[in-house]
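Coordinates as given in work_14.txt (compact mmCIF, C-alpha atoms and all ligand atoms):
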```txt
# COMPACT_ATOMS: atom_id res chain seq x y z
CA MET W 246 3.51 -28.12 -29.95
CA ILE W 247 3.66 -28.69 -26.19
CA ASP W 248 6.84 -27.69 -24.37
CA PHE W 249 7.07 -27.78 -20.58
CA ARG W 250 10.48 -26.09 -20.44
CA LEU W 251 10.63 -22.48 -19.35
CA THR W 252 12.28 -19.93 -21.64
CA PRO W 253 15.61 -18.40 -20.49
CA GLU W 254 13.68 -15.19 -19.61
CA GLN W 255 11.21 -17.16 -17.51
CA GLU W 256 14.05 -19.00 -15.77
CA GLU W 257 15.60 -15.63 -14.95
CA LEU W 258 12.29 -14.33 -13.61
CA VAL W 259 11.82 -17.44 -11.43
CA ASN W 260 15.37 -17.14 -10.06
CA LEU W 261 14.87 -13.48 -9.19
CA ALA W 262 11.52 -14.20 -7.50
CA ARG W 263 12.93 -17.24 -5.65
CA LYS W 264 15.93 -15.29 -4.35
CA PHE W 265 13.68 -12.48 -3.12
CA ALA W 266 11.15 -14.89 -1.61
CA GLN W 267 13.71 -17.02 0.22
CA ASN W 268 16.08 -14.22 1.32
CA GLU W 269 13.63 -11.40 2.07
CA MET W 270 10.13 -12.79 2.58
CA ARG W 271 10.68 -16.12 4.31
CA PRO W 272 12.89 -14.87 7.16
CA LYS W 273 10.24 -12.29 8.10
CA ALA W 274 7.15 -14.43 7.56
CA ALA W 275 6.68 -15.68 11.15
CA GLN W 276 7.33 -12.28 12.74
CA TYR W 277 5.00 -10.36 10.40
CA ASP W 278 2.33 -13.01 10.97
CA ARG W 279 2.68 -12.79 14.75
CA GLU W 280 2.64 -8.99 14.80
CA GLU W 281 0.06 -8.62 11.99
CA LYS W 282 2.59 -6.28 10.40
CA PHE W 283 1.63 -5.03 6.95
CA PRO W 284 4.58 -5.86 4.65
CA ARG W 285 4.93 -2.42 3.05
CA ASP W 286 8.74 -2.59 3.21
CA LEU W 287 8.78 -5.88 1.29
CA LEU W 288 6.20 -4.65 -1.18
CA GLU W 289 8.44 -1.68 -1.92
CA LYS W 290 11.47 -3.96 -2.37
CA ALA W 291 9.57 -6.35 -4.64
CA HIS W 292 8.37 -3.38 -6.67
CA GLY W 293 11.93 -2.06 -6.92
CA LEU W 294 13.05 -5.42 -8.32
CA GLY W 295 10.31 -5.28 -10.95
CA LEU W 296 8.43 -8.29 -9.54
CA LEU W 297 5.01 -6.66 -9.16
CA ASN W 298 2.18 -5.74 -11.53
CA LEU W 299 3.87 -7.73 -14.29
CA ARG W 300 0.88 -7.71 -16.62
CA ILE W 301 0.56 -3.95 -17.12
CA PRO W 302 1.05 -3.59 -20.90
CA PRO W 303 4.07 -1.71 -22.32
CA ASP W 304 1.72 1.06 -23.60
CA TYR W 305 1.29 2.05 -19.95
CA GLY W 306 4.92 1.56 -18.96
CA GLY W 307 4.68 -2.07 -17.80
CA LEU W 308 6.38 -5.30 -18.86
CA GLY W 309 3.24 -6.74 -20.42
CA LEU W 310 4.00 -10.26 -19.22
CA GLY W 311 1.37 -12.99 -19.18
CA CYS W 312 -0.71 -14.81 -16.62
CA PHE W 313 1.70 -17.77 -16.94
CA ASP W 314 4.71 -15.61 -16.06
CA GLU W 315 2.85 -14.14 -13.12
CA CYS W 316 1.97 -17.64 -11.86
CA LEU W 317 5.67 -18.58 -11.90
CA VAL W 318 6.41 -15.62 -9.63
CA VAL W 319 3.41 -16.28 -7.38
CA GLU W 320 4.48 -19.89 -6.77
CA GLU W 321 7.83 -18.59 -5.49
CA PHE W 322 6.19 -15.93 -3.30
CA GLY W 323 3.61 -18.45 -2.05
CA ALA W 324 6.34 -20.85 -0.93
CA ALA W 325 7.68 -18.09 1.32
CA CYS W 326 4.56 -16.39 2.76
CA ALA W 327 0.95 -16.51 1.56
CA GLY W 328 0.08 -13.39 3.56
CA MET W 329 2.69 -11.28 1.82
CA THR W 330 1.77 -12.83 -1.52
CA THR W 331 -1.90 -11.96 -0.99
CA THR W 332 -0.87 -8.37 -0.26
CA PHE W 333 1.30 -8.09 -3.35
CA MET W 334 -1.13 -9.77 -5.74
CA SER W 335 -4.26 -7.95 -4.61
CA THR W 336 -3.02 -4.81 -6.34
CA SER W 337 -2.76 -6.74 -9.59
CA LEU W 338 -6.27 -8.13 -8.97
CA ALA W 339 -7.61 -4.63 -8.41
CA LEU W 340 -6.01 -3.25 -11.56
CA ARG W 341 -7.50 -5.95 -13.77
CA PRO W 342 -11.00 -4.34 -13.95
CA ILE W 343 -9.30 -1.25 -15.39
CA LEU W 344 -7.61 -3.41 -18.02
CA VAL W 345 -10.86 -5.30 -18.67
CA GLY W 346 -13.30 -2.38 -18.82
CA GLY W 347 -11.37 0.89 -18.74
CA SER W 348 -11.11 3.35 -21.64
CA GLU W 349 -7.75 4.23 -23.16
CA GLU W 350 -7.79 7.51 -21.22
CA GLN W 351 -8.53 5.74 -17.93
CA LYS W 352 -5.75 3.21 -18.47
CA ARG W 353 -3.30 6.05 -19.16
CA ARG W 354 -4.52 7.91 -16.07
CA TRP W 355 -4.14 5.11 -13.55
CA LEU W 356 -1.82 2.34 -14.72
CA PRO W 357 1.58 4.06 -15.23
CA GLY W 358 1.61 5.21 -11.57
CA PHE W 359 1.68 1.56 -10.47
CA VAL W 360 4.75 0.90 -12.61
CA GLU W 361 6.56 4.03 -11.40
CA ARG W 362 5.78 3.79 -7.68
CA PRO W 363 4.85 1.02 -5.21
CA LEU W 364 1.22 2.12 -5.09
CA ILE W 365 -1.37 -0.20 -3.58
CA ALA W 366 -4.82 -1.07 -4.92
CA ALA W 367 -7.78 -3.03 -3.54
CA PHE W 368 -10.62 -4.95 -5.20
CA ALA W 369 -13.91 -4.30 -3.36
CA LEU W 370 -16.67 -6.71 -4.34
CA THR W 371 -17.68 -8.59 -1.16
CA GLU W 372 -20.20 -7.10 1.28
CA PRO W 373 -21.67 -8.20 4.63
CA ASP W 374 -24.74 -9.70 2.87
CA SER W 375 -23.19 -10.53 -0.48
CA GLY W 376 -20.30 -12.99 -0.69
CA SER W 377 -20.72 -16.03 -2.95
CA ASP W 378 -23.86 -14.40 -4.36
CA ALA W 379 -21.90 -11.55 -5.88
CA ALA W 380 -24.87 -10.35 -7.96
CA GLY W 381 -26.71 -9.49 -4.75
CA LEU W 382 -24.70 -6.35 -3.96
CA GLY W 383 -26.38 -3.77 -1.71
CA CYS W 384 -23.78 -0.99 -1.91
CA THR W 385 -25.41 1.63 -4.16
CA LEU W 386 -24.24 4.30 -6.54
CA ARG W 387 -26.49 7.13 -7.74
CA ARG W 388 -25.72 9.70 -10.40
CA GLU W 389 -25.72 13.35 -9.25
CA GLY W 390 -24.47 15.81 -11.86
CA ASP W 391 -20.93 14.90 -12.87
CA ASP W 392 -20.51 12.55 -9.94
CA TYR W 393 -21.81 9.33 -8.43
CA LEU W 394 -22.76 9.16 -4.77
CA ILE W 395 -21.81 5.85 -3.18
CA ASN W 396 -23.43 4.39 -0.06
CA GLY W 397 -22.84 1.04 1.60
CA THR W 398 -20.31 -1.27 3.23
CA LYS W 399 -17.61 -3.43 1.70
CA ARG W 400 -16.23 -6.30 3.74
CA PHE W 401 -13.06 -8.42 3.59
CA CYS W 402 -11.33 -6.05 1.18
CA THR W 403 -7.66 -7.05 0.96
CA ASN W 404 -5.42 -3.95 1.13
CA GLY W 405 -8.53 -1.80 1.76
CA SER W 406 -7.01 0.21 4.62
CA GLN W 407 -3.69 0.67 2.81
CA ALA W 408 -4.86 1.28 -0.74
CA ASP W 409 -4.30 4.36 -2.88
CA LEU W 410 -6.96 3.19 -5.33
CA ILE W 411 -10.00 0.95 -4.98
CA THR W 412 -11.91 -0.73 -7.79
CA LEU W 413 -15.39 -0.82 -6.38
CA PHE W 414 -18.48 -2.74 -7.48
CA ALA W 415 -21.84 -1.20 -6.59
CA THR W 416 -25.42 -1.33 -7.82
CA LEU W 417 -27.82 1.18 -9.34
CA ASP W 418 -30.76 -0.98 -8.25
CA ARG W 419 -30.39 -4.06 -6.07
CA THR W 420 -33.54 -5.70 -7.49
CA LYS W 421 -31.96 -5.82 -10.97
CA ARG W 422 -28.99 -7.83 -9.62
CA ASP W 423 -26.14 -8.36 -12.15
CA LYS W 424 -27.80 -6.07 -14.77
CA ALA W 425 -27.41 -3.01 -12.52
CA ILE W 426 -23.89 -3.50 -11.18
CA CYS W 427 -21.21 -0.97 -12.07
CA ALA W 428 -17.44 -0.94 -11.67
CA ILE W 429 -15.92 2.37 -10.60
CA VAL W 430 -12.48 3.56 -9.53
CA VAL W 431 -12.29 5.28 -6.17
CA GLU W 432 -9.17 7.32 -5.48
CA LYS W 433 -8.99 7.05 -1.74
CA LYS W 434 -7.30 10.33 -0.81
CA LYS W 435 -9.63 12.35 -3.02
CA THR W 436 -12.80 10.76 -1.67
CA LYS W 437 -14.66 12.24 1.27
CA GLY W 438 -17.27 10.00 2.86
CA LEU W 439 -15.10 6.88 2.70
CA ALA W 440 -13.92 5.44 6.03
CA VAL W 441 -11.98 2.34 7.03
CA ALA W 442 -14.10 0.78 9.79
CA LYS W 443 -11.59 -1.92 10.76
CA ASP W 444 -8.96 -4.43 9.73
CA GLU W 445 -9.94 -8.00 10.61
CA ASP W 446 -8.09 -10.19 13.13
CA LYS W 447 -7.58 -13.40 11.10
CA MET W 448 -6.68 -17.08 11.45
CA GLY W 449 -4.01 -16.93 8.74
CA ILE W 450 -2.37 -14.61 6.19
CA ARG W 451 -2.22 -12.30 9.19
CA CYS W 452 0.21 -9.75 7.74
CA SER W 453 -2.27 -8.89 4.99
CA ALA W 454 -4.86 -6.19 5.66
CA THR W 455 -8.48 -7.35 5.31
CA SER W 456 -10.60 -4.25 5.68
CA GLU W 457 -14.15 -3.13 6.13
CA LEU W 458 -14.87 0.04 4.17
CA VAL W 459 -17.86 2.28 4.76
CA PHE W 460 -19.14 4.66 2.08
CA GLU W 461 -21.46 7.44 3.18
CA ASP W 462 -22.45 9.76 0.35
CA ALA W 463 -18.93 9.28 -1.00
CA ARG W 464 -18.64 11.44 -4.13
CA VAL W 465 -16.71 9.97 -7.06
CA PRO W 466 -16.41 11.57 -10.53
CA ALA W 467 -18.64 9.91 -13.16
CA ALA W 468 -15.50 9.85 -15.34
CA ASN W 469 -14.20 7.06 -13.06
CA LEU W 470 -16.89 4.59 -14.18
CA LEU W 471 -15.30 1.62 -15.98
CA GLY W 472 -17.27 0.81 -19.13
CA ARG W 473 -20.97 1.58 -19.13
CA GLU W 474 -23.54 1.41 -16.34
CA GLY W 475 -24.55 -2.23 -15.78
CA GLU W 476 -21.28 -3.69 -17.13
CA GLY W 477 -19.66 -4.11 -13.72
CA PHE W 478 -20.72 -7.69 -12.99
CA LYS W 479 -19.33 -8.98 -16.27
CA ASN W 480 -16.14 -7.09 -15.55
CA ALA W 481 -15.84 -8.67 -12.08
CA MET W 482 -16.42 -12.21 -13.43
CA LYS W 483 -13.94 -11.69 -16.27
CA THR W 484 -11.41 -10.36 -13.78
CA LEU W 485 -11.81 -13.36 -11.46
CA ASP W 486 -11.60 -15.88 -14.33
CA ASN W 487 -8.34 -14.22 -15.20
CA THR W 488 -6.83 -14.09 -11.73
CA ARG W 489 -7.84 -17.48 -10.24
CA PRO W 490 -4.69 -19.16 -11.61
CA TRP W 491 -2.68 -17.01 -9.14
CA ILE W 492 -4.55 -18.51 -6.22
CA ALA W 493 -3.78 -21.91 -7.69
CA ALA W 494 -0.11 -20.94 -8.06
CA MET W 495 -0.06 -19.80 -4.44
CA GLY W 496 -1.51 -23.19 -3.46
CA VAL W 497 1.33 -24.89 -5.33
CA GLY W 498 3.85 -22.69 -3.52
CA VAL W 499 2.34 -23.40 -0.10
CA THR W 500 2.33 -27.15 -0.89
CA ARG W 501 5.97 -26.97 -1.96
CA ALA W 502 6.91 -25.33 1.33
CA ALA W 503 4.97 -28.01 3.24
CA ILE W 504 6.93 -30.74 1.42
CA ASP W 505 10.30 -28.99 1.94
CA HIS W 506 9.79 -28.52 5.67
CA SER W 507 8.43 -32.05 6.12
CA LEU W 508 11.30 -33.64 4.22
CA ASP W 509 13.89 -31.74 6.28
CA TYR W 510 12.14 -32.67 9.50
CA ALA W 511 11.57 -36.34 8.62
CA MET W 512 15.24 -36.74 7.74
CA GLN W 513 16.53 -35.42 11.06
CA ARG W 514 13.84 -36.48 13.58
CA ARG W 515 14.53 -39.96 15.00
CA GLN W 516 12.08 -42.34 16.68
CA PHE W 517 12.55 -46.06 17.35
CA GLY W 518 16.24 -45.51 16.60
CA ARG W 519 15.64 -44.42 12.98
CA PRO W 520 14.84 -41.18 11.15
CA LEU W 521 11.12 -40.75 10.40
CA ILE W 522 11.87 -40.82 6.68
CA ASP W 523 12.78 -44.51 7.00
CA PHE W 524 9.15 -45.36 7.78
CA GLN W 525 7.13 -46.11 4.69
CA ALA W 526 4.12 -44.35 6.21
CA THR W 527 6.12 -41.09 6.15
CA GLN W 528 7.43 -41.72 2.63
CA PHE W 529 3.92 -42.34 1.30
CA LYS W 530 2.64 -39.11 2.84
CA LEU W 531 5.43 -37.18 1.12
CA ALA W 532 4.89 -39.02 -2.17
CA GLN W 533 1.18 -38.18 -2.09
CA MET W 534 1.94 -34.52 -1.42
CA ALA W 535 4.41 -34.46 -4.33
CA MET W 536 1.96 -36.17 -6.71
CA GLU W 537 -0.80 -33.71 -5.91
CA MET W 538 1.52 -30.71 -6.15
CA GLU W 539 2.67 -31.78 -9.59
CA ALA W 540 -0.94 -32.19 -10.76
CA ALA W 541 -1.89 -28.81 -9.29
CA ARG W 542 1.01 -27.11 -11.03
CA MET W 543 0.06 -28.60 -14.41
CA MET W 544 -3.55 -27.42 -13.98
CA THR W 545 -2.32 -23.97 -13.01
CA TRP W 546 -0.01 -23.74 -15.98
CA LYS W 547 -2.70 -24.94 -18.38
CA SER W 548 -5.29 -22.42 -17.19
CA ALA W 549 -2.75 -19.59 -17.28
CA TRP W 550 -1.61 -20.62 -20.75
CA MET W 551 -5.22 -20.62 -21.97
CA ILE W 552 -5.74 -17.13 -20.58
CA ASP W 553 -2.58 -15.91 -22.31
CA HIS W 554 -3.91 -17.36 -25.57
CA ASP W 555 -7.32 -15.64 -25.18
CA LEU W 556 -9.11 -18.97 -24.81
CA ARG W 557 -12.19 -19.33 -22.63
CA ALA W 558 -10.77 -20.64 -19.35
CA SER W 559 -13.59 -20.39 -16.77
CA LYS W 560 -13.64 -24.16 -16.23
CA GLU W 561 -9.87 -24.61 -16.25
CA SER W 562 -9.15 -21.70 -13.91
CA SER W 563 -11.83 -22.94 -11.49
CA ILE W 564 -10.43 -26.49 -11.66
CA ALA W 565 -6.92 -25.20 -10.96
CA LYS W 566 -8.03 -22.92 -8.11
CA ALA W 567 -10.13 -25.56 -6.35
CA PHE W 568 -7.68 -28.43 -6.82
CA ALA W 569 -4.53 -26.51 -5.90
CA SER W 570 -6.08 -24.94 -2.80
CA ASP W 571 -7.54 -28.29 -1.64
CA THR W 572 -4.09 -29.77 -2.26
CA ALA W 573 -2.45 -27.06 -0.14
CA MET W 574 -4.90 -27.73 2.69
CA ARG W 575 -4.30 -31.50 2.58
CA ALA W 576 -0.53 -31.14 2.25
CA THR W 577 -0.16 -28.64 5.10
CA THR W 578 -2.34 -30.82 7.35
CA GLU W 579 -0.09 -33.81 6.55
CA ALA W 580 2.98 -31.64 7.16
CA VAL W 581 1.72 -30.90 10.67
CA GLN W 582 1.11 -34.65 11.14
CA ILE W 583 4.64 -35.52 10.03
CA HIS W 584 5.97 -33.01 12.57
CA GLY W 585 3.87 -34.61 15.34
CA GLY W 586 3.44 -32.38 18.39
CA TYR W 587 6.08 -29.97 17.09
CA GLY W 588 3.91 -29.28 14.06
CA TYR W 589 1.30 -27.82 16.37
CA ILE W 590 3.77 -25.37 17.88
CA LYS W 591 4.30 -21.91 16.41
CA GLU W 592 8.08 -22.30 16.52
CA TYR W 593 7.77 -24.67 13.52
CA PRO W 594 6.73 -23.13 10.18
CA VAL W 595 4.15 -25.76 9.19
CA GLU W 596 1.69 -24.44 11.79
CA LYS W 597 1.47 -21.14 9.87
CA LEU W 598 1.33 -22.93 6.52
CA MET W 599 -1.77 -24.84 7.62
CA ARG W 600 -3.53 -21.67 8.82
CA ASP W 601 -2.60 -19.84 5.62
CA ALA W 602 -3.70 -22.66 3.33
CA LYS W 603 -7.30 -22.45 4.57
CA ILE W 604 -7.99 -19.07 3.01
CA LEU W 605 -7.06 -20.36 -0.45
CA GLN W 606 -10.18 -22.54 -0.34
CA ILE W 607 -12.36 -19.55 0.52
CA TYR W 608 -11.37 -16.30 -1.18
CA GLU W 609 -11.70 -15.40 -4.88
CA GLY W 610 -14.77 -17.61 -4.84
CA ALA W 611 -15.12 -20.43 -2.31
CA ASN W 612 -14.34 -23.89 -3.67
CA GLU W 613 -18.04 -24.83 -3.64
CA ILE W 614 -18.59 -21.95 -6.08
CA GLN W 615 -15.67 -23.17 -8.22
CA ARG W 616 -17.36 -26.58 -8.38
CA MET W 617 -20.59 -24.89 -9.45
CA VAL W 618 -18.69 -23.13 -12.27
CA ILE W 619 -17.05 -26.41 -13.35
CA ALA W 620 -20.40 -28.24 -13.35
CA ARG W 621 -22.07 -25.39 -15.27
CA GLU W 622 -19.36 -25.56 -17.92
CA LEU W 623 -19.77 -29.35 -18.15
CA MET W 624 -23.52 -28.94 -18.69
CA ARG W 625 -22.89 -26.18 -21.24
CA SER W 626 -20.76 -28.64 -23.22
CA ARG W 627 -23.95 -30.77 -23.59
CA GLY W 628 -26.03 -27.77 -24.60
CA GLY W 629 -27.42 -27.30 -21.05
C1 LIG W 701 -8.83 -12.93 4.20
C2 LIG W 701 -9.86 -12.61 3.15
C3 LIG W 701 -9.52 -11.79 2.07
C4 LIG W 701 -10.48 -11.45 1.13
N1 LIG W 701 -10.17 -10.56 0.13
C5 LIG W 701 -11.18 -10.09 -0.67
C6 LIG W 701 -10.94 -9.00 -1.58
O1 LIG W 701 -9.82 -8.48 -1.71
N2 LIG W 701 -12.00 -8.52 -2.28
C7 LIG W 701 -13.25 -9.04 -2.17
O2 LIG W 701 -14.15 -8.55 -2.84
N3 LIG W 701 -13.49 -10.09 -1.35
C8 LIG W 701 -12.49 -10.60 -0.59
N4 LIG W 701 -12.74 -11.63 0.29
C9 LIG W 701 -14.08 -12.20 0.37
C10 LIG W 701 -14.16 -13.64 -0.14
O3 LIG W 701 -14.02 -13.68 -1.53
C11 LIG W 701 -15.50 -14.22 0.37
O4 LIG W 701 -15.33 -14.43 1.77
C12 LIG W 701 -15.89 -15.49 -0.34
O5 LIG W 701 -16.24 -15.22 -1.67
C13 LIG W 701 -17.07 -16.20 0.35
O6 LIG W 701 -18.10 -15.31 0.66
P1 LIG W 701 -18.71 -15.27 2.15
O7 LIG W 701 -17.57 -15.14 3.08
O8 LIG W 701 -19.75 -14.21 2.20
O9 LIG W 701 -19.35 -16.69 2.36
P2 LIG W 701 -20.82 -17.18 1.93
O10 LIG W 701 -21.11 -16.75 0.54
O11 LIG W 701 -21.78 -16.79 2.98
O12 LIG W 701 -20.61 -18.75 1.93
C14 LIG W 701 -20.54 -19.52 3.13
C15 LIG W 701 -20.36 -20.97 2.72
O13 LIG W 701 -21.48 -21.41 1.98
C16 LIG W 701 -21.09 -21.92 0.73
N5 LIG W 701 -22.07 -21.59 -0.30
C17 LIG W 701 -22.58 -20.36 -0.60
N6 LIG W 701 -23.45 -20.47 -1.62
C18 LIG W 701 -23.47 -21.76 -1.98
C19 LIG W 701 -24.18 -22.50 -2.99
N7 LIG W 701 -25.02 -21.91 -3.84
N8 LIG W 701 -23.94 -23.84 -3.07
C20 LIG W 701 -23.09 -24.45 -2.23
N9 LIG W 701 -22.40 -23.81 -1.26
C21 LIG W 701 -22.58 -22.48 -1.14
C22 LIG W 701 -19.76 -21.25 0.45
O14 LIG W 701 -18.98 -21.97 -0.47
C23 LIG W 701 -19.15 -21.20 1.83
O15 LIG W 701 -18.56 -22.44 2.12
C24 LIG W 701 -11.79 -12.00 1.23
C25 LIG W 701 -12.09 -12.85 2.31
C26 LIG W 701 -11.17 -13.13 3.26
C27 LIG W 701 -11.57 -13.99 4.43
```

Using structure tokens, write down the structure from this file.
Amino acid sequence: MIDFRLTPEQEELVNLARKFAQNEMRPKAAQYDREEKFPRDLLEKAHGLGLLNLRIPPDYGGLGLGCFDECLVVEEFGAACAGMTTTFMSTSLALRPILVGGSEEQKRRWLPGFVERPLIAAFALTEPDSGSDAAGLGCTLRREGDDYLINGTKRFCTNGSQADLITLFATLDRTKRDKAICAIVVEKKKTKGLAVAKDEDKMGIRCSATSELVFEDARVPAANLLGREGEGFKNAMKTLDNTRPWIAAMGVGVTRAAIDHSLDYAMQRRQFGRPLIDFQATQFKLAQMAMEMEAARMMTWKSAWMIDHDLRASKESSIAKAFASDTAMRATTEAVQIHGGYGYIKEYPVEKLMRDAKILQIYEGANEIQRMVIARELMRSRGG
């Protein structure tokens, strides 16, 4: 039975997230972007309202909500500020490998703290020479007694400089590629030999921290390994399959904001003695944006629903991620066009939306990689 209505609990969750996003996030979005200010205050408020880390199961103190519920919240956050949303959601991304590959003891050790306090986590997969080719990691880990020694550099790690905990992917032997990759939890304060080299100066999502982390003989207890040696790559791929619907949901939120701002502007801006909205060219732009947003939302919801029902969703989550982020890019570009010269000026919010939208096509697997996943799944369906 298909039912597109939200439950009363979901409606309540959406209302809470929307109120927070519109009253707390949106008014600060431009300033935090301009000043590259990390939104710790807002993260703490969102945590206090119970809007973060929604999928931590009740056994570890959490609400145990689903991917679908989380997508509803992310759409609201995304409509207010993609930089803040990226900050908030990267903790959830970083905790997923613990849920995917951690032992019962490890889950009990690390997860409840994130329910009790506004702790921050970071997911460290990407390296200077390993981005789309995630099996080509060069950061190494080597067993020494009861510890692992970690050496290498991680790049573009969201929350890296601010994190209390990092889920790190490193290799025992680079030549063995995915077979030698391990996932391990690094508790930042307890780890000597780990340094934050820099936070990047970015085009968009500027309030989020995108860090370079350097590990030099960083010693981490062997007890922090998630699963067995060599299981890290599978863990990372499972994690990303599971979290891509959020990026899609953020794309829907960004598109929604682009439509809202454009509609407001087109109704009040007059040229040739009439408001812009009277011109069919403007109406068609807005109609196209609305059509694509609706399609992106349905794809997002379907992929999240499949994940919540333990169905294989690699293809659907890649479709949703690629389509919704491409939609956000197109819609924000059109929003700037509808605003004319004013759209190009920082005083108007669509300029930031367009810069922010770009990253959605790149991170958590660039859209070319999503298309590779989709094509692979199509071939698999024919026995390829
Ligand atoms: C702001 C920001 C935040 C990020 N946050 C995180 C994070 O928290 N954790 C983390 O681990 N990573 C993070 N990343 C890294 C991000 O996931 C990577 O940048 C992304 O996966 C692409 O890798 P790359 O930048 O090395 O590009 P490359 O892999 O070098 O790709 C460059 C271009 O080539 C294309 N390409 C590559 N291979 C192929 C192919 N086989 N066929 C066709 N096209 C191809 C790509 O699609 C892309 O367009 C973040 C990046 C940014 C910019």

*What residues have any atom no more than 7 Å from ligand LIG 701 (chain W) when counting all atoms listed in the file, and can you list them as JSON, numbers by chain?*
{"W": [335, 367, 368, 369, 370, 371, 373, 374, 375, 376, 377, 378, 400, 401, 402, 403, 404, 450, 455, 604, 607, 608, 609, 610, 611, 612, 613, 614]}

Write out, as a PDB file, keeping the file's coordinate frame, the residues just selected, with C-alpha atoms.
```
ATOM      1  CA  SER W 335      -4.260  -7.950  -4.610  1.00  0.00           C
ATOM      2  CA  ALA W 367      -7.780  -3.030  -3.540  1.00  0.00           C
ATOM      3  CA  PHE W 368     -10.620  -4.950  -5.200  1.00  0.00           C
ATOM      4  CA  ALA W 369     -13.910  -4.300  -3.360  1.00  0.00           C
ATOM      5  CA  LEU W 370     -16.670  -6.710  -4.340  1.00  0.00           C
ATOM      6  CA  THR W 371     -17.680  -8.590  -1.160  1.00  0.00           C
ATOM      7  CA  PRO W 373     -21.670  -8.200   4.630  1.00  0.00           C
ATOM      8  CA  ASP W 374     -24.740  -9.700   2.870  1.00  0.00           C
ATOM      9  CA  SER W 375     -23.190 -10.530  -0.480  1.00  0.00           C
ATOM     10  CA  GLY W 376     -20.300 -12.990  -0.690  1.00  0.00           C
ATOM     11  CA  SER W 377     -20.720 -16.030  -2.950  1.00  0.00           C
ATOM     12  CA  ASP W 378     -23.860 -14.400  -4.360  1.00  0.00           C
ATOM     13  CA  ARG W 400     -16.230  -6.300   3.740  1.00  0.00           C
ATOM     14  CA  PHE W 401     -13.060  -8.420   3.590  1.00  0.00           C
ATOM     15  CA  CYS W 402     -11.330  -6.050   1.180  1.00  0.00           C
ATOM     16  CA  THR W 403      -7.660  -7.050   0.960  1.00  0.00           C
ATOM     17  CA  ASN W 404      -5.420  -3.950   1.130  1.00  0.00           C
ATOM     18  CA  ILE W 450      -2.370 -14.610   6.190  1.00  0.00           C
ATOM     19  CA  THR W 455      -8.480  -7.350   5.310  1.00  0.00           C
ATOM     20  CA  ILE W 604      -7.990 -19.070   3.010  1.00  0.00           C
ATOM     21  CA  ILE W 607     -12.360 -19.550   0.520  1.00  0.00           C
ATOM     22  CA  TYR W 608     -11.370 -16.300  -1.180  1.00  0.00           C
ATOM     23  CA  GLU W 609     -11.700 -15.400  -4.880  1.00  0.00           C
ATOM     24  CA  GLY W 610     -14.770 -17.610  -4.840  1.00  0.00           C
ATOM     25  CA  ALA W 611     -15.120 -20.430  -2.310  1.00  0.00           C
ATOM     26  CA  ASN W 612     -14.340 -23.890  -3.670  1.00  0.00           C
ATOM     27  CA  GLU W 613     -18.040 -24.830  -3.640  1.00  0.00           C
ATOM     28  CA  ILE W 614     -18.590 -21.950  -6.080  1.00  0.00           C
TER      29      ILE W 614
END
```

*Can you pull out every residue within 10 Å of Met512 in chain W, counting all atoms listed in the file, but drop anything in the same chain fewer than 5 positions away, and send it as a PyMOL selection string?*
chain W and resi 507+519-523

*By how many Å are CA of Asn298 in chain W and CA of Val360 in chain W apart?*
7.2 Å

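Closest approach to Arg515 in chain W among W:Ile583, W:Leu308, W:Leu417, W:Ala576 is made by W:Ile583 (distances from all atoms listed in the file).
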
*For Thr336 in chain W, which residue out of W:Pro363, W:Gly629, W:Pro284, W:Gly518 is the nearest one, using all atoms listed in the file?*
W:Pro363

How close does each residue of range 283-398 of chain W get to range 499-502 of chain W, giving the shortest atom pair and distance in Å to one decimal for every residue with an atom at most 8 Å away, counting all atoms listed in the file, sorted by chain and residue number, as CSV?
```
residue,atom,partner,partner_atom,distance
W:Glu320,CA,W:Val499,CA,7.8
W:Gly323,CA,W:Val499,CA,5.5
W:Ala324,CA,W:Val499,CA,4.8
W:Ala325,CA,W:Ala502,CA,7.3
W:Cys326,CA,W:Val499,CA,7.9
W:Ala327,CA,W:Val499,CA,7.2
```

Print the selection's residues with C-alpha atoms to a file, as a JSON list (two decimals), keeping the file's coordinate frame.
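Heads up, here's the output in result.json:
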```json
[["chain", "number", "residue", "atom", "x", "y", "z"],
["W", 320, "GLU", "CA", 4.48, -19.89, -6.77],
["W", 323, "GLY", "CA", 3.61, -18.45, -2.05],
["W", 324, "ALA", "CA", 6.34, -20.85, -0.93],
["W", 325, "ALA", "CA", 7.68, -18.09, 1.32],
["W", 326, "CYS", "CA", 4.56, -16.39, 2.76],
["W", 327, "ALA", "CA", 0.95, -16.51, 1.56]]
```

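Separating CA of Met543 in chain W from CA of Ala569 in chain W is a distance of 9.9 Å.
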